[in-house]
Number of protein chains: 4
Amino acid sequence: MIPIAIVGASGYTGLELLRLLSEHPLFQVVAITSRELIGKSLGEVYGFSGRYRDLRFEAPDVERLAGKVKGVFLCVPSGSAHEMARPLLEREVKVIDLSADFRFKNVKVYEATYKLTHQASDLLDIAVYGLAEIYAEEIKRASLVGNPGCYPTSVLLPLIPLIKEGLIEEEGIIVDSKSGTSGAGRKAENYYSFCEVNEDFKAYKVAGHRHTPEMEEKLSHFSGREIKVVFTPHLLPINRGILSTIYVRFRRPLREVHAFLESFYRERPFVEVLPLGTYPRLSEVRGTNMCKFALFEDKERNQGIIISVLDNLVKGASGQAIQNMNLMFGLPEDLGLPKSPLFV
Amino acid sequence: MIPIAIVGASGYTGLELLRLLSEHPLFQVVAITSRELIGKSLGEVYGFSGRYRDLRFEAPDVERLAGKVKGVFLCVPSGSAHEMARPLLEREVKVIDLSADFRFKNVKVYEATYKLTHQASDLLDIAVYGLAEIYAEEIKRASLVGNPGCYPTSVLLPLIPLIKEGLIEEEGIIVDSKSGTSGAGRKAENYYSFCEVNEDFKAYKVAGHRHTPEMEEKLSHFSGREIKVVFTPHLLPINRGILSTIYVRFRRPLREVHAFLESFYRERPFVEVLPLGTYPRLSEVRGTNMCKFALFEDKERNQGIIISVLDNLVKGASGQAIQNMNLMFGLPEDLGLPKSPLFV
Amino acid sequence: MIPIAIVGASGYTGLELLRLLSEHPLFQVVAITSRELIGKSLGEVYGFSGRYRDLRFEAPDVERLAGKVKGVFLCVPSGSAHEMARPLLEREVKVIDLSADFRFKNVKVYEATYKLTHQASDLLDIAVYGLAEIYAEEIKRASLVGNPGCYPTSVLLPLIPLIKEGLIEEEGIIVDSKSGTSGAGRKAENYYSFCEVNEDFKAYKVAGHRHTPEMEEKLSHFSGREIKVVFTPHLLPINRGILSTIYVRFRRPLREVHAFLESFYRERPFVEVLPLGTYPRLSEVRGTNMCKFALFEDKERNQGIIISVLDNLVKGASGQAIQNMNLMFGLPEDLGLPKSPLFV
Amino acid sequence: MIPIAIVGASGYTGLELLRLLSEHPLFQVVAITSRELIGKSLGEVYGFSGRYRDLRFEAPDVERLAGKVKGVFLCVPSGSAHEMARPLLEREVKVIDLSADFRFKNVKVYEATYKLTHQASDLLDIAVYGLAEIYAEEIKRASLVGNPGCYPTSVLLPLIPLIKEGLIEEEGIIVDSKSGTSGAGRKAENYYSFCEVNEDFKAYKVAGHRHTPEMEEKLSHFSGREIKVVFTPHLLPINRGILSTIYVRFRRPLREVHAFLESFYRERPFVEVLPLGTYPRLSEVRGTNMCKFALFEDKERNQGIIISVLDNLVKGASGQAIQNMNLMFGLPEDLGLPKSPLFV
């Protein structure tokens with residue numbers, strides 16, 4: 001077994017890592033940290049049963065962790081992870097950071113977006129962007145992975161191959177995304193209270209969400225020219241799931257674009273390009289590490305429409321992180337990760 | 001128009017009073033208070049349109065309010081209302097308190113239950129329990145009304161007439177209630193966050209909820225002997241509504257009990273005893289001031305089962321408060337109060 | 001009182017008309033029809049209380065209705081209404097059709113869209129499109145009104161004034177809409193079953209929804225040139241509400257566009273243009289006849305974004321129908337229509 | 001691998017079996033049947049990915065199945081399974097029936113409850129009731145298992161040990177249960193449509209649910225005297241989960257009863273008796289095969305209250321069925337079954 005720690009395990013991505021790793025045959029979580037819950041067990045606080053029920057939260061002492069694990073998942077807020085990575089890397093612990101701290105190549109974009117000074121910007125050179133379907137080879141050799149944002153995952157998986165291949169126009173990309181409320185994290189605020197989310201629906205951070213520069217940096221990289229993305233996130237009254245409706249212009253006939261994308265992802269276990277005419281829905285990916293998308297065209301209006309779905313806590317966060325950790329340890333990327341959904 | 005104030009208007013019962021009073025032909029809300037929102041309008045903070053959109057929150061200065069209104073709804077926490085009532089009453093302002101401060105006749109029970117010392121226990125003598133269907137005559141003459149709890153309303157409306165008439169056993173009453181989350185008030189806590197209420201269901205305060213002594217005091221009063229009620233509340237992942245499943249033993253055949261109850265409430269606009277064999281559901285009372293109940297019998301097991309539904313924010317709080325205010329001002333009790341549900 | 005009938009009253013728009021008309025001071029519903037529920041009362045079948053509880057469904061005999069009412073709401077499927085209107089109009093009954101049968105000026109577009117032959121296409125000349133904020137004067141004089149679709153209402157209210165005034169580009173309009181499930185009507189299908197909508201989210205009829213030609217005809221009319229709209233509807237796991245995210249290009253600075261729209265709607269009771277920087281949400285319009293919208297701009301990407309919300313059963317259907325009926329009978333357009341929301 | 005078939009795989013219990021068996025290391029589903037979906041794949045119809053994505057539905061030909069599998073899960077309606085079991089058993093295929101057909105020992109009770117004539121009542125003698133925690137030894141030797149009902153599982157797991165040990169009174173047991181909507185199966189009916197379940201809550205089949213005799217037969221068996229249970233089921237607006245609030249009278253002090261139950265289940269992987277003072281909730285068992293319960297006492301009112309939770313599709317149906325199949329094939333009972341919940 002490979003010993004693993006989760007730093008910041010009391011939030012939704014930490015708990016989802018624990019759920020998923022309960023079924024993993026080779027990773028063994030030996031430490032979980034939380035400043036508030038020191039000494040308490042997963043069973044007591046979150047009602048976990050099974051493999052990790054009696055695991056107790058400890059203080060986030062990175063040095064100590066480095067002595068007992070071979071891999072660490074950092075589930076701390078953006079701005080807290082950059083200082084934790086170095087001591088772990090120095091002791092040859094592989095690190096996957098679920099915050100934004102190691103997602104960007106351009107530190108200025110990161111600092112402008114997150115309004116922070118990066119304390120370990122030299123590490124950005126060795127950090128690999130953990131979009132496993134695109135960067136698998138780099139991830140296998142990486143010691144530090146910046147796990148992608150949930151929205152960018154849903155957008156980049158369909159768009160990167162199309163941009164690389166020149167199959168869509170670089171201009172005029174609009175992404176209209178809808179996310180389940182767990183995407184906001186575990187927050188004790190009226191805005192996220194049951195009565196004020198349930199039966200409601202709202203957009204937020206229009207023209208200002210932090211995931212926009214992340215998408216743009218990656219797309220621009222593969223395009224060779226600067227790409228801009230209009231991005232509008234919305235809050236869905238459900239727990240899990242992201243559906244992104246992506247407006248693009250195809251440069252080739254729909255069937256051709258579809259055939260290319262299908263063949264691009266044919267061998268990848270976690271991406272499915274749906275047959276033309278089929279609609280993806282969140283229930284088909286619930287609880288799984290799948291990302292699925294479908295392509296549509298409004299010919300009369302010359303508009304391509306791509307609809308992409310994933311479970312924000314799995315493929316959009318913890319599942320993709322495990323996929324990356326699998327790759328970093330030379331394991332099959334789908335080891336221990338679910339593909340069959342909770343249909344209801 | 002009769003000028004009215006709402007003290008503590010920023011919570012769910014305050015907002016529901018404002019929604020309902022938007023349609024009231026004679027009460028005019030001229031002041032709303034909130035310590036946190038002073039100077040802000042209902043439109044700004046809560047997106048209200050219509051009649052009260054531009055009404056602004058002010059500080060809760062009871063003396064000043066007394067000079068400009070004829071009636072006040074107190075929507076403050078239990079323990080805050082008892083001190084506010086007196087100055088209002090002294091200036092001949094009619095007061096309806098939506099907290100528990102004026103619901104009890106026995107101050108010791110109140111103090112033990114709410115772990116508070118009552119600062120105006122002399123007023124308990126003149127306070128009337130605002131269960132409008134039972135105390136209409138007293139309410140008409142009252143200057144101070146203690147508006148009933150949401151759970152007790154759903155339980156006392158069916159049980160009081162049956163207890164008075166001796167149609168059920170006094171022993172062994174069990175109330176299993178389920179309430180929408182708005183019943184907990186506006187709370188910024190993880191326990192009430194969307195992700196942790198949605199798709200979940202849980203009991204709380206088993207054998208220790210504060211509404212138990214309220215039910216018991218009223219039932220005992222009408223029985224003449226001490227009545228005990230086992231009460232188990234549960235939290236429903238919906239915004240509004242209470243359904244109480246009440247286990248009793250009938251002393252007379254079901255049809256007879258049903259006929260009595262039906263005739264008891266025949267003339268009352270807000271109570272409906274459903275035909276035998278019919279099930280009540282929350283959607284039938286959503287947004288209305290109705291309380292409906294149905295009677296069942298498991299003959300083989302000698303068990304009577306009464307199922308009662310109401311909208312906890314309307315008949316369980318703000319609607320019943322307006323019904324009481326109508327009575328206190330000599331108006332028809334159903335003036336301005338909705339009876340037709342939002343079926344979906 | 002003005003006697004009114006509702007034809008096809010057993011669906012969600014019919015029931016919502018009945019809820020709203022329960023509070024109307026001048027319209028009196030005297031007949032409701034449903035082929036399946038003949039003889040049954042609203043109280044029995046839908047648990048209604050109050051004013052219309054004992055009203056019984058009758059067969060949809062238009063001739064007979066014409067003898068006893070002055071206005072009729074047709075809540076039948078598209079394709080059933082065109083044949084019902086004429087006999088009513090001949091007997092001087094005012095007709096509001098909630099289906100699509102009288103929404104189009106160009107019968108060919110209607111027939112191509114709905115795959116039907118219009119049996120009363122001559123009436124299209126006298127039918128007025130019931131978008132009350134735009135066509136109030138025509139509606140006042142009309143005997144036949146085609147009540148707008150729910151999605152078009154949310155889109156046309158913000159766009160028509162901007163198109164008329166030339167403040168947005170005619171090209172490249174994209175509408176990404178999300179609707180509560182009641183918008184699909186009352187349907188006994190697995191696709192709309194609780195377990196398969198709850199916690200799910202999905203797009204449908206991409207590049208092929210029937211409301212697209214309706215929007216395009218109206219926008220083109222006000223533009224003077226043909227306007228195309230890319231429209232993508234999605235199904236929200238909530239009962240009520242439409243939020244449309246509309247992507248346009250402003251021709252003038254945001255503040256100017258905003259000021260124009262605000263002044264355009266200043267006197268209209270049911271439209272609110274929110275202050276810049278404010279987000280609309282469905283809870284603010286729940287149960288009301290309001291439509292609210294907010295304007296945003298992504299300057300760096302030269303994109304205008306308009307977010308529009310309404311309650312699909314009220315302003316998107318039954319409320320707007322009553323607003324139209326008010327106008328047709330010379331009443332204030334907001335008579336009996338709610339503006340204050342069920343905040344929770 | 002052990003080849004397995006699922007008969008009637010297109011409903012919720014069938015799909016849940018497929019989800020769970022996707023992770024099972026030894027059972028291989030080689031056939032799924034559905035009369036309506038012959039020739040269609042799980043991927044096409046239900047959006048499954050992973051192990052069983054390309055598995056296609058076939059006609060339910062029991063003879064043919066018997067030739068290729070060693071175990072069969074029957075997910076057909078009660079009344080359809082009794083005729084399918086015999087040909088399978090004759091060919092030495094192990095059978096787990098998820099309907100009620102093999103749950104009862106007394107065929108008359110079955111026939112009266114289900115209003116059917118049992119076509120294979122002789123098999124009731126060899127059928128074992130699949131409550132794995134109670135009948136593990138019998139199940140290991142069984143060829144035919146009647147998988148328990150979802151409600152009975154939640155009630156019998158806490159009550160059977162208490163009844164056997166004489167720790168509760170046999171009289172006056174009341175069970176107030178609340179179930180997620182998937183418990184009703186996949187049904188295209190208005191009663192189960194999204195808009196009419198969402199934000200609603202209702203009791204159903206009061207004093208007449210088919211699971212009452214199932215509970216009573218099992219409890220009576222362990223008591224030695226006839227036990228009656230008052231049972232009231234309710235429909236929760238969530239997909240999954242059952243919470244049963246069980247009212248009993250303890251014969252011994254709470255701590256003693258609790259200690260007994262805890263020790264009774266200490267070694268069982270899927271039952272957890274919570275520490276005193278702790279509340280169970282549905283989110284803690286979501287997606288898992290766990291059943292958890294907590295004991296409370298209202299001392300003043302001499303009432304014991306047991307609250308029991310499980311996921312109706314897992315421990316209440318498909319998970320328990322796999323647990324039984326594990327036992328029948330001599331495998332560890334928890335092989336391939338999840339214990340860690342989807343916390344959100």
# chains A, B, ... in the order shown; residues from 1 in each chain; ligands from 1
>>> select_by_dssp(residues="stretch 20-79 of chain D", states="helix (DSSP H, G or I)", output="ChimeraX atom specification")
/D:20-21,42-46,50-52,62-68
>>> interface_residues(of="chain A", to="chain D", cutoff="6 Å", atoms="only C-alpha atoms", output="list in words")
Arg19, Gly47, Phe48, Ser49, Gly50, Glu284, Lys339 and Ser340 of chain A
>>> write_last_selection(atoms="N, CA, C and O atoms", output="mmCIF file, in the first residue's frame")
data_model
loop_
_atom_site.group_PDB
_atom_site.id
_atom_site.type_symbol
_atom_site.label_atom_id
_atom_site.label_comp_id
_atom_site.auth_asym_id
_atom_site.auth_seq_id
_atom_site.Cartn_x
_atom_site.Cartn_y
_atom_site.Cartn_z
ATOM 1 N N ARG A 19 -14.088 9.192 0.442
ATOM 2 C CA ARG A 19 -15.065 8.238 -0.085
ATOM 3 C C ARG A 19 -14.433 7.410 -1.204
ATOM 4 O O ARG A 19 -14.508 6.175 -1.212
ATOM 5 N N GLY A 47 -19.989 10.884 10.096
ATOM 6 C CA GLY A 47 -20.772 9.670 9.972
ATOM 7 C C GLY A 47 -20.219 8.660 8.984
ATOM 8 O O GLY A 47 -20.969 7.853 8.443
ATOM 9 N N PHE A 48 -18.900 8.729 8.733
ATOM 10 C CA PHE A 48 -18.321 7.722 7.844
ATOM 11 C C PHE A 48 -18.348 6.347 8.502
ATOM 12 O O PHE A 48 -18.144 6.209 9.706
ATOM 13 N N SER A 49 -18.562 5.346 7.675
ATOM 14 C CA SER A 49 -18.368 3.970 8.087
ATOM 15 C C SER A 49 -17.262 3.412 7.208
ATOM 16 O O SER A 49 -16.774 4.084 6.318
ATOM 17 N N GLY A 50 -16.897 2.180 7.485
ATOM 18 C CA GLY A 50 -15.953 1.502 6.608
ATOM 19 C C GLY A 50 -14.523 1.878 6.886
ATOM 20 O O GLY A 50 -14.155 2.296 7.988
ATOM 21 N N GLU A 284 -26.128 10.992 -15.339
ATOM 22 C CA GLU A 284 -25.297 9.954 -15.963
ATOM 23 C C GLU A 284 -23.850 9.984 -15.484
ATOM 24 O O GLU A 284 -23.082 9.072 -15.791
ATOM 25 N N LYS A 339 -17.048 4.433 -12.596
ATOM 26 C CA LYS A 339 -17.559 4.901 -13.894
ATOM 27 C C LYS A 339 -19.075 4.743 -14.004
ATOM 28 O O LYS A 339 -19.705 5.358 -14.844
ATOM 29 N N SER A 340 -19.645 3.867 -13.187
ATOM 30 C CA SER A 340 -21.091 3.637 -13.253
ATOM 31 C C SER A 340 -21.807 4.595 -12.315
ATOM 32 O O SER A 340 -21.480 4.678 -11.133
#
>>> residues_around(residues="A:Pro3", least_positions_apart="5", cutoff="10 Å", atoms="only C-alpha atoms", output="PyMOL selection string")
chain A and resi 26-31+68-72
>>> residues_around(residues="C:Glu58", least_positions_apart="4", cutoff="7 Å", atoms="only C-alpha atoms", output="list in words")
Ile32, Thr33, Ser34, Ile38 and Gly39 of chain C
>>> select_by_dssp(residues="stretch 69-311 of chain D", states="strand (DSSP E or B)", output="short mmCIF file (atom, residue, chain, number, x, y, z; two decimals) with C-alpha atoms, in the first residue's frame")
data_model
loop_
_atom_site.label_atom_id
_atom_site.label_comp_id
_atom_site.auth_asym_id
_atom_site.auth_seq_id
_atom_site.Cartn_x
_atom_site.Cartn_y
_atom_site.Cartn_z
CA GLY D 71 -26.83 -16.78 -9.85
CA VAL D 72 -29.87 -14.68 -10.70
CA PHE D 73 -31.34 -11.55 -9.19
CA LEU D 74 -35.06 -11.33 -9.86
CA LYS D 94 -28.94 -19.64 -6.98
CA VAL D 95 -31.82 -17.18 -6.86
CA ILE D 96 -32.35 -13.97 -4.97
CA ASP D 97 -35.80 -12.55 -5.40
CA VAL D 128 -34.69 -18.05 3.38
CA TYR D 129 -35.58 -14.51 4.42
CA LEU D 144 -33.42 -19.33 -2.81
CA VAL D 145 -33.52 -16.08 -0.85
CA GLY D 146 -36.44 -13.71 -0.47
CA ILE D 168 -38.99 -4.15 24.61
CA ILE D 173 -45.06 -0.67 18.60
CA ILE D 174 -45.52 2.24 16.19
CA VAL D 175 -43.35 2.74 13.12
CA ASP D 176 -43.43 6.10 11.38
CA SER D 177 -41.30 5.76 8.22
CA LYS D 178 -40.24 8.21 5.54
CA SER D 179 -38.90 7.01 2.23
CA GLY D 180 -37.24 8.61 -0.77
CA SER D 193 -43.87 13.54 -11.29
CA LYS D 202 -47.39 13.16 2.19
CA ALA D 203 -48.34 9.97 3.96
CA VAL D 229 -47.09 -3.07 14.35
CA VAL D 230 -48.77 0.21 13.49
CA PHE D 231 -46.98 1.37 10.36
CA THR D 232 -47.28 4.73 8.57
CA PRO D 233 -45.16 5.34 5.46
CA HIS D 234 -44.53 8.80 4.00
CA LEU D 235 -43.04 9.96 0.69
CA LEU D 236 -39.94 12.17 0.97
CA ILE D 242 -35.43 5.58 4.46
CA LEU D 243 -35.64 6.91 7.97
CA SER D 244 -37.87 5.01 10.36
CA THR D 245 -38.86 6.51 13.69
CA ILE D 246 -39.87 3.59 15.86
CA TYR D 247 -41.80 4.03 19.08
CA VAL D 248 -41.36 1.23 21.63
CA PHE D 250 -37.96 -0.42 26.83
CA VAL D 271 -24.91 -2.28 10.98
CA GLU D 272 -23.86 0.52 13.26
CA VAL D 273 -25.50 1.35 16.57
CA ARG D 281 -29.14 11.04 9.04
CA CYS D 291 -27.98 0.53 8.30
CA LYS D 292 -27.48 2.76 11.31
CA PHE D 293 -29.65 3.38 14.28
CA ALA D 294 -29.79 5.41 17.42
CA LEU D 295 -31.75 4.90 20.62
CA PHE D 296 -33.48 7.63 22.58
CA GLU D 297 -35.69 7.70 25.60
CA ASP D 298 -38.31 10.15 26.74
CA GLN D 303 -41.24 6.12 25.64
CA GLY D 304 -38.35 4.57 23.77
CA ILE D 305 -37.60 5.96 20.35
CA ILE D 306 -35.36 4.23 17.83
CA ILE D 307 -34.32 6.04 14.68
CA SER D 308 -33.03 3.89 11.87
CA VAL D 309 -31.60 4.95 8.50
CA LEU D 310 -30.54 3.18 5.35
#
>>> residues_around(residues="C:Leu335", least_positions_apart="4", cutoff="10 Å", atoms="only C-alpha atoms", output="list of chain:residue names")
C:Glu23, C:His24, C:Pro25, C:Leu26, C:Phe27, C:Ile322, C:Gln323, C:Asn326, C:Leu327, C:Leu331
>>> residues_around(residues="A:Asn312", least_positions_apart="4", cutoff="6 Å", atoms="only C-alpha atoms", output="PyMOL selection string")
chain A and resi 150+241-242+316
>>> decode(residues="stretch 49-59 of chain D", atoms="all heavy atoms", output="mmCIF file, in the first residue's frame")
data_model
loop_
_atom_site.group_PDB
_atom_site.id
_atom_site.type_symbol
_atom_site.label_atom_id
_atom_site.label_comp_id
_atom_site.auth_asym_id
_atom_site.auth_seq_id
_atom_site.Cartn_x
_atom_site.Cartn_y
_atom_site.Cartn_z
ATOM 1 N N SER D 49 -21.523 4.201 -18.072
ATOM 2 C CA SER D 49 -20.177 4.033 -18.591
ATOM 3 C C SER D 49 -19.566 2.862 -17.833
ATOM 4 O O SER D 49 -20.167 2.307 -16.928
ATOM 5 C CB SER D 49 -19.361 5.303 -18.349
ATOM 6 O OG SER D 49 -20.026 6.396 -18.924
ATOM 7 N N GLY D 50 -18.365 2.532 -18.209
ATOM 8 C CA GLY D 50 -17.630 1.534 -17.442
ATOM 9 C C GLY D 50 -18.013 0.118 -17.807
ATOM 10 O O GLY D 50 -18.489 -0.158 -18.915
ATOM 11 N N ARG D 51 -17.833 -0.757 -16.832
ATOM 12 C CA ARG D 51 -17.866 -2.198 -17.031
ATOM 13 C C ARG D 51 -19.074 -2.722 -17.817
ATOM 14 O O ARG D 51 -18.947 -3.600 -18.643
ATOM 15 C CB ARG D 51 -17.851 -2.839 -15.632
ATOM 16 C CG ARG D 51 -17.723 -4.340 -15.609
ATOM 17 C CD ARG D 51 -17.363 -4.741 -14.187
ATOM 18 N NE ARG D 51 -17.370 -6.176 -13.978
ATOM 19 C CZ ARG D 51 -17.153 -6.747 -12.801
ATOM 20 N NH1 ARG D 51 -16.918 -5.978 -11.741
ATOM 21 N NH2 ARG D 51 -17.183 -8.052 -12.657
ATOM 22 N N TYR D 52 -20.248 -2.205 -17.536
ATOM 23 C CA TYR D 52 -21.435 -2.783 -18.156
ATOM 24 C C TYR D 52 -22.056 -1.880 -19.219
ATOM 25 O O TYR D 52 -23.184 -2.109 -19.646
ATOM 26 C CB TYR D 52 -22.455 -3.155 -17.074
ATOM 27 C CG TYR D 52 -21.923 -4.227 -16.154
ATOM 28 C CD1 TYR D 52 -21.850 -4.027 -14.790
ATOM 29 C CD2 TYR D 52 -21.468 -5.439 -16.677
ATOM 30 C CE1 TYR D 52 -21.341 -5.006 -13.951
ATOM 31 C CE2 TYR D 52 -20.951 -6.423 -15.840
ATOM 32 C CZ TYR D 52 -20.888 -6.201 -14.482
ATOM 33 O OH TYR D 52 -20.385 -7.173 -13.664
ATOM 34 N N ARG D 53 -21.328 -0.909 -19.657
ATOM 35 C CA ARG D 53 -21.845 0.028 -20.641
ATOM 36 C C ARG D 53 -22.415 -0.642 -21.891
ATOM 37 O O ARG D 53 -23.446 -0.225 -22.419
ATOM 38 C CB ARG D 53 -20.687 0.947 -21.041
ATOM 39 C CG ARG D 53 -21.051 1.882 -22.136
ATOM 40 C CD ARG D 53 -19.813 2.639 -22.604
ATOM 41 N NE ARG D 53 -20.044 3.128 -23.938
ATOM 42 C CZ ARG D 53 -19.150 3.744 -24.680
ATOM 43 N NH1 ARG D 53 -17.949 3.986 -24.205
ATOM 44 N NH2 ARG D 53 -19.454 4.149 -25.883
ATOM 45 N N ASP D 54 -21.759 -1.679 -22.369
ATOM 46 C CA ASP D 54 -22.182 -2.258 -23.633
ATOM 47 C C ASP D 54 -23.049 -3.499 -23.468
ATOM 48 O O ASP D 54 -23.438 -4.129 -24.457
ATOM 49 C CB ASP D 54 -20.944 -2.573 -24.489
ATOM 50 C CG ASP D 54 -20.186 -1.291 -24.806
ATOM 51 O OD1 ASP D 54 -20.841 -0.268 -25.074
ATOM 52 O OD2 ASP D 54 -18.939 -1.301 -24.753
ATOM 53 N N LEU D 55 -23.367 -3.812 -22.237
ATOM 54 C CA LEU D 55 -24.252 -4.950 -21.980
ATOM 55 C C LEU D 55 -25.635 -4.616 -22.538
ATOM 56 O O LEU D 55 -26.144 -3.521 -22.325
ATOM 57 C CB LEU D 55 -24.315 -5.170 -20.455
ATOM 58 C CG LEU D 55 -24.872 -6.491 -19.937
ATOM 59 C CD1 LEU D 55 -24.038 -7.679 -20.419
ATOM 60 C CD2 LEU D 55 -24.883 -6.467 -18.395
ATOM 61 N N ARG D 56 -26.219 -5.591 -23.252
ATOM 62 C CA ARG D 56 -27.508 -5.316 -23.881
ATOM 63 C C ARG D 56 -28.643 -6.094 -23.217
ATOM 64 O O ARG D 56 -28.469 -7.238 -22.814
ATOM 65 C CB ARG D 56 -27.452 -5.689 -25.380
ATOM 66 C CG ARG D 56 -26.620 -4.712 -26.153
ATOM 67 C CD ARG D 56 -26.504 -4.965 -27.634
ATOM 68 N NE ARG D 56 -25.541 -4.000 -28.144
ATOM 69 C CZ ARG D 56 -25.840 -2.723 -28.436
ATOM 70 N NH1 ARG D 56 -27.082 -2.284 -28.328
ATOM 71 N NH2 ARG D 56 -24.903 -1.893 -28.859
ATOM 72 N N PHE D 57 -29.776 -5.448 -23.153
ATOM 73 C CA PHE D 57 -30.957 -6.111 -22.597
ATOM 74 C C PHE D 57 -31.398 -7.237 -23.525
ATOM 75 O O PHE D 57 -31.364 -7.095 -24.743
ATOM 76 C CB PHE D 57 -32.100 -5.111 -22.430
ATOM 77 C CG PHE D 57 -31.865 -4.105 -21.338
ATOM 78 C CD1 PHE D 57 -31.369 -2.841 -21.628
ATOM 79 C CD2 PHE D 57 -32.123 -4.432 -20.012
ATOM 80 C CE1 PHE D 57 -31.144 -1.910 -20.617
ATOM 81 C CE2 PHE D 57 -31.901 -3.504 -18.999
ATOM 82 C CZ PHE D 57 -31.412 -2.240 -19.309
ATOM 83 N N GLU D 58 -31.832 -8.335 -22.912
ATOM 84 C CA GLU D 58 -32.402 -9.403 -23.700
ATOM 85 C C GLU D 58 -33.780 -9.760 -23.133
ATOM 86 O O GLU D 58 -34.180 -9.246 -22.087
ATOM 87 C CB GLU D 58 -31.480 -10.620 -23.699
ATOM 88 C CG GLU D 58 -30.989 -11.071 -22.325
ATOM 89 C CD GLU D 58 -29.898 -12.141 -22.410
ATOM 90 O OE1 GLU D 58 -28.709 -11.773 -22.589
ATOM 91 O OE2 GLU D 58 -30.257 -13.330 -22.285
ATOM 92 N N ALA D 59 -34.500 -10.622 -23.848
ATOM 93 C CA ALA D 59 -35.815 -11.042 -23.362
ATOM 94 C C ALA D 59 -35.636 -11.916 -22.119
ATOM 95 O O ALA D 59 -34.634 -12.612 -21.994
ATOM 96 C CB ALA D 59 -36.548 -11.810 -24.454
#
